[in-house]
Amino acid sequence: MITGRETGRLGQPMRRTVTFFFIAVTCLFFQQTPSPAAEEVSSKIILDNGLTVLTREMPASPVVCLYALVKTGSATEGEYLGSGVSHFLEHMMFKGTQKRGVGQIAAQIQAVGGSVNASTGKDYTIYTIEVPPEAFDMALDVLTDMLMNSTISPEEVERERQVVLGEMRMDNDNPDRRLGEIADQNIYIAHAYRYPIIGYKETFLHLTRDDIWSYYRSQYVPNNIILSVAGAVQTREILPKIRQSWSGFPRQREVARNVPPEPPQISGRRYQERYPTDLTRLLMAFSSVSLLDKDLYALDVLAMILGQGESSPLYLQVYKKKSLVHDISAYNYTPVDRGYFGVTALLEDKNVEPATEAVWDEIRLLQQRGVNKEELEKAKRQVLSGYLFSHQKASSLAYAQAVDEAFTGDDQFSLKYVAAVKKVSAQDIQRVANQYLTEPSLTLVLLRPLTDQKEEEISEPVVTEEIQRYVLANGLVVLLREDHTLPIVSIRLSLQGGTRQELLELNGISRMTADLWTKGTKARSAAQIAAEVESLGMAFGTFSGKNSLGLNVECLSEDAPRALALLEEMVKDPAFSEEEILREKEDMKAALRRREDSIFQTTALALRETLFLTHPLRRDELGSAQTIEKITRKDIVDFYRKFAAPANMVLSVFGDISADVLRTLLEKKFGALPGKEIKLNSAHEDPPAVPRVKEMSLDKEQAMVMFGFHGVDLKNPDRYGLDVVAALLGSSFSGRLFNSIREELGQAYTLGGDLVPALDAGWIYFYVQTTDEKVEQVKQMIQREIRKLQDQSVSQDELNDIKTYLKGNFRAGLETNSALSFVSGLDELYGLGYRHYHDYAPAIDRVEAQDVQRLARQYLDLNHAAIVTARPKKSAK
C-alpha cells in the first residue's frame with residue numbers, strides 16, 4: 001500500500017510503503033533462524049505532554065535512527081492551503097535555533113558520521129537523523145532543538161524562499177513530478193490532496209515570516225508529534241533521556257484535522273497536458289479507498305497481481321506481447337483519506353489509445369474470470385518477502401512505525417496488515433476489481449510530448465561472521481558469509497566487463513547482455529522465469545556499468561537452492577533470443593530518450609565526453625541509438641562467451657546460509673564450468689592540456705554548471721585523499737560549495753560533487769543547478785572555492801568533521817548483506833581483495849591537511865578542467 005508521496009529535503013521524489021509483518025521461515029537445507037521479533041523489542045509510550053514515543057530495539061544494527069513525524073502536511077494547511085507552508089517550514093527547521101546557527105545542525109550530525117534529512121508529504125512532515133549509537137544523546141538534542149526552538153529569522157526566510165523557487169523550477173523540469181501534480185488536480189476536486197506539496201508559486205510568494213511562525217507555533221507541538229527510534233538502543237536507557245529532552249515543552253491545544261471531504265466520483269474524467277518530453281506518461285487512476293478501509297487488503301493484492309512484476313498480465317500482454325508500452329505497473333495509493341488505484345505507463349504517444357484499451361482488456365478479463373490460486377499465493381508471497389527485505393534496516397523500521405502510528409493509530413498496524421492479506425480470497429479480488437475498476441470512477445491523465453507547433457569515532461562495520469573465500473579448480477572465486485539475523489540470502493555474480501571492455505561501435509552491448517541474461521534460457525522462457533521468481537517473492541536483477549556486469553538475487557533462505565539452480569541455468573544456458581533482443585533494443589532506446597528529461601544526466605554525459613576524448617569512460621552505458629541498432633545476437637553471444645569465464649567471475653553468497661554445506665553445492669553447480677584465460681582491455685588518456693569548455697541548450701527552466709577533472713583509478717592511494725577533497729567542496733549539506741553558493745546566492749537548490757574512481761582512470765566532478773542569470777557567477781564561485789582549497793590549509797576541525805562524515809556514510813552503506821556482497825565482490829574482482837572495505841576508514845584517517853592542499857593543487861588544476869554548462873534554450877548563447 002503506497003501511503004505517501006513526499007518532497008524530500010534534497011528535492012527528490014520519494015515513495016514509501018508500510019512495512020510488513022515478519023513471518024519466520026525455516027528450511028532444512030539452510031540453517032533455521034529465529035524470528036527477529038524474539039530479539040527486537042518494540043514499545044509505545046505517550047508522555048504527559050502528549051508526545052508519542054515509539055522504540056524498536058535492534059541489537060545487531062550498527063546505527064540508531066531517530067524519526068520525528070509531525071502530523072501536518074500540504075493537505076492540512078488550513079488558511080494557507082496551496083501555499084506550500086509545510087514544505088517551506090521544513091526547510092526553515094534547518095536554518096538555526098536559539099543555540100545553533102545556520103548550517104550547524106547538519107554539520108553537527110555529519111561530524112559524528114551521521115546524516116540528517118527531512119521530507120514533506122500530503123498528511124505529514126518527517127525529520128530523520130541516523131547516527132552511530134554512541135551519538136544518540138547528541139542526535140536527540142539536535143532533533144528536539146530544531147523542532148521546538150527554530151528561530152525562523154526573516155533574513156533566512158527570504159534566502160530560503162529563493163531556494164524553494166529553485167526547487168519549483170526543478171520540479172517543472174521533471175516530467176514524472178509534473179504528471180503527479182496534474183493527476184492530483186484532476187483526481188481530487190474538493191479535497192486538499194489536489195494541492196501540490198511545494199505550493200503554487202503565486203501563493204507561496206505571499207507567505208510572510210509571520211505566517212510561517214504562526215503555522216509553526218500551532219502545529220509543532222508535542223501532542224502533534226511522533227518520535228520513532230529504531231536501532232542499537234535500549235528503551236529503558238533512552239526513555240528517561242527523551243523525557244528530559246522534551247520536559248520543557250508542555251502540551252498545547254489539540255490540532256484538529258479539518259480537511260474537506262472528496263465527493264464520490266460518478267463520471268469518468270480525462271485530462272492531458274503537453275510537455276517538452278519525447279515520451280508520453282499515462283496514469284489511469286480509479287477512485288478507491290483510504291488506508292483504514294476493509295477493502296485495502298484486497299486492492300493491494302489486486303495491484304500486485306495485475307501489474308507488479310514480469311509475470312503480471314499488464315507486463316506480459318501490454319508490454320511484452322503487444323509492445324504498446326516501454327514500462328507499465330499498477331499500485332494502490334492509500335493515504336489517510338480516499339486514495340486511488342493506479343495503472344501507470346511510459347509509452348509512445350501514438351500508442352495511447354491502443355494501450356489504454358489493452359489495459360481495459362486485462363481488467364475486464366480479471367473481472368470476469370477472477371484469479372487462480374497460484375496468482376493469489378504469489379502476491380501473498382511478495383508481501384512476505386517485501387517485508388523481510390525492508391526489515392533489514394533501522395531507518396525503514398523507524399519510518400514504518402511512525403507512519404503506522406500516525407495514519408492508523410496503531411504503531412503495530414503492519415503486524416495486522418500481512419495477517420489480513422493472508423486472508424484475502426480469490427472472491428475478494430474479483431469483487432473489488434468489479435466494484436472499483438469502473439469507467440465512472442476513472443480519471444485518465446496524460447503528459448504528452450509537445451506538438452510540432454510547440455505549445456564520535458566510527459568502528460568498522462559490524463559483521464556476524466567473517467567472509468570466507470574459496471577458489472574453485474576452474475578459477476571461479478567464491479565468497480561466503482553467514483548471517484542468521486534474518487532468513488534472507490543475497491547472491492551476486494560479478495564479471496569484469498562494462499563499457500571498458502566494449503568495442504566503440506558496439507557501445508551498449510554490456511548493458512544489453514546483462515539485461516537479456518534473465519530473459520530466458522534454453523529450457524525456459526522469460527515469462528516462465530519471471531513467474532517462478534515472482535511466485536517465490538525473489539528480487540532478481542542484473543547490473544552493468546563502467547567496469548563490470550553481473551547478476552544479483554535476494555530471496556528467502558528456504559528458496560536459496562532454487563535461486564542457485566536458476567542462477568546456474570542462466571550462467572550455463574542463456575538464450576539471448578532474437579525476440580527479446582528486439583524488445584531490449586527498444587527499451588534501451590526509450591531509456592536514452594527518457595534520460596534527456598534529466599538535466600543532470602544529460603549534462604553529466606556531456607561532461608564525460610568533454611573530459612575524455614578517447615577513453616571508454618566517456619561512453620554511455622546505454623550506448624547510442626546507432627550502436628544499439630547495430631548490435632546483433634552473434635555480437636551478444638560472442639561478448640558473453642568471452643567474459644563469462646570462471647577466471648573472470650566472483651560469486652558472493654551472504655546471509656542465512658551454512659557455508660560448509662553451500663560450498664559443496666557450489667562446487668557441484670559451477671565447478672564444471674570450463675576454465676579459460678581472457679584478455680581484458682585497458683586504456684589511458686592524459687588530462688586536457690588546456691581547459692575544455694562546452695555550452696549546450698536544453699528545453700528546461702533551470703541551468704546546470706559542471707566542472708570535471710581527471711581523477712585516479714581504484715588502486716591509487718590518492719583516492720582516499722580525493723574523497724576528502726570532493727566532500728569538502730561538494731558535500732550536500734555542509735560542503736564549501738553549499739555554504740558559498742546556496743547560502744550566499746540562495747539560487748541553487750541542487751549541488752554537489754564526487755570522486756568516481758574506475759579501473760584505468762577516474763574523474764572528479766562538481767555541479768550546481770541554478771538559474772540562467774546566475775550561471776557566470778556560479779562558475780566564478782566554484783573556481784574561487786577550488787583555489788581557496790589549493791591556497792589555504794583546511795582547519796583541523798573541518799577536516800575531522802568531513803572525515804567522520806565520510807566514514808559514517810561508508811559504514812551505513814554496508815548495513816545489509818546485499819550491499820556488503822556487492823562491495824566485497826567487486827573489490828575481489830578488481831584485484832583489491834574482498835577485505836578491502838576494512839581499509840577505508842584507516843585510509844581516510846591518514847589524510848592530513850597538507851594532503852588535501854597537495855591533492856587539490858595536483859588534481860583540481862583549472863588549466864586542465866572540463867567545464868560544461870546547460871542553459872535554457874531561450875537564453876542560451
# chains A, B, ... in the order shown; residues from 1 in each chain; ligands from 1
>>> closest_atom_pairs(of="segment 839-865 of chain A", to="segment 714-720 of chain A", cutoff="8 Å", atoms="only C-alpha atoms", output="Markdown table")
| residue | atom | partner | partner_atom | distance |
| --- | --- | --- | --- | --- |
| A:Tyr840 | CA | A:Tyr720 | CA | 7.7 |
| A:Ala843 | CA | A:Tyr720 | CA | 6.3 |
| A:Ile844 | CA | A:Tyr720 | CA | 5.7 |
| A:Val847 | CA | A:Tyr720 | CA | 7.4 |
| A:Leu855 | CA | A:Asp718 | CA | 7.7 |
>>> write_last_selection(atoms="C-alpha atoms", output="PDB file, in the first residue's frame")
ATOM      1  CA  TYR A 840      38.592   2.587   4.024  1.00  0.00           C
ATOM      2  CA  ALA A 843      42.921   5.321   4.956  1.00  0.00           C
ATOM      3  CA  ILE A 844      40.570   8.273   5.469  1.00  0.00           C
ATOM      4  CA  VAL A 847      44.595  12.076   5.303  1.00  0.00           C
ATOM      5  CA  LEU A 855      45.855  16.889  -3.950  1.00  0.00           C
TER       6      LEU A 855
END
>>> closest_residue(among="A:His710, A:Arg524, A:His87, A:Lys788", to="Tyr215 of chain A", atoms="only C-alpha atoms")
A:His87
>>> residues_around(residues="segment 631-643 of chain A", least_positions_apart="4", cutoff="8 Å", atoms="only C-alpha atoms", output="PDB file with C-alpha atoms, in the first residue's frame")
ATOM      1  CA  LEU A 495      32.219 -10.237 -14.001  1.00  0.00           C
ATOM      2  CA  GLN A 496      34.642  -7.712 -15.394  1.00  0.00           C
ATOM      3  CA  GLY A 497      33.080  -6.125 -18.437  1.00  0.00           C
ATOM      4  CA  LEU A 506      29.163  -1.810 -30.110  1.00  0.00           C
ATOM      5  CA  ILE A 509      26.467  -4.262 -25.565  1.00  0.00           C
ATOM      6  CA  SER A 510      27.430  -4.897 -21.936  1.00  0.00           C
ATOM      7  CA  MET A 512      22.208  -5.208 -23.322  1.00  0.00           C
ATOM      8  CA  THR A 513      23.845  -8.530 -22.464  1.00  0.00           C
ATOM      9  CA  PHE A 576      19.563 -14.366 -25.886  1.00  0.00           C
ATOM     10  CA  SER A 577      16.541 -14.850 -28.147  1.00  0.00           C
ATOM     11  CA  GLU A 578      16.010 -12.604 -31.152  1.00  0.00           C
ATOM     12  CA  ILE A 581      16.844  -8.676 -28.241  1.00  0.00           C
ATOM     13  CA  THR A 627      25.259   1.426 -31.747  1.00  0.00           C
ATOM     14  CA  ASN A 648      36.613 -13.590 -14.591  1.00  0.00           C
ATOM     15  CA  ILE A 678      40.745 -13.978 -21.053  1.00  0.00           C
TER      16      ILE A 678
END
>>> select_by_dssp(residues="segment 314-465 of chain A", states="helix (DSSP H, G or I)", output="VMD selection string")
chain A and resid 314 to 321 349 to 369 373 to 390 394 to 408 413 to 422 426 to 436
>>> residues_around(residues="Leu292 of chain A", least_positions_apart="2", cutoff="7 Å", atoms="only C-alpha atoms", output="list in words")
Ser290, Lys294 and Thr408 of chain A
>>> closest_residue(among="A:Leu592, A:Gly339, A:Tyr331, A:Ile238", to="Glu262 of chain A", atoms="only C-alpha atoms")
A:Gly339
>>> residues_around(residues="Asp176 of chain A", least_positions_apart="5", cutoff="10 Å", atoms="only C-alpha atoms", output="list in words")
Pro13, Asp171, Glu181, Arg281, Leu447 and Asp597 of chain A
>>> write_last_selection(atoms="N, CA, C and O atoms", output="tab-separated table (two decimals), in the first residue's frame")
chain	number	residue	atom	x	y	z
A	13	PRO	N	11.86	13.11	-5.33
A	13	PRO	CA	10.59	12.48	-5.02
A	13	PRO	C	10.81	11.17	-4.33
A	13	PRO	O	11.74	10.44	-4.65
A	171	ASP	N	11.22	21.10	-10.32
A	171	ASP	CA	10.04	20.26	-10.47
A	171	ASP	C	9.44	20.41	-11.86
A	171	ASP	O	8.96	19.45	-12.47
A	181	GLU	N	1.47	16.02	-10.28
A	181	GLU	CA	0.75	17.25	-9.92
A	181	GLU	C	-0.57	17.36	-10.68
A	181	GLU	O	-1.62	17.62	-10.08
A	281	ARG	N	3.58	9.96	-20.78
A	281	ARG	CA	3.35	9.33	-19.48
A	281	ARG	C	1.86	9.29	-19.22
A	281	ARG	O	1.18	10.31	-19.36
A	447	LEU	N	0.50	13.07	-19.87
A	447	LEU	CA	1.52	14.08	-20.10
A	447	LEU	C	2.17	13.73	-21.42
A	447	LEU	O	2.90	12.75	-21.54
A	597	ASP	N	15.18	13.85	-20.33
A	597	ASP	CA	14.35	14.64	-19.44
A	597	ASP	C	15.10	15.12	-18.21
A	597	ASP	O	14.63	16.00	-17.49
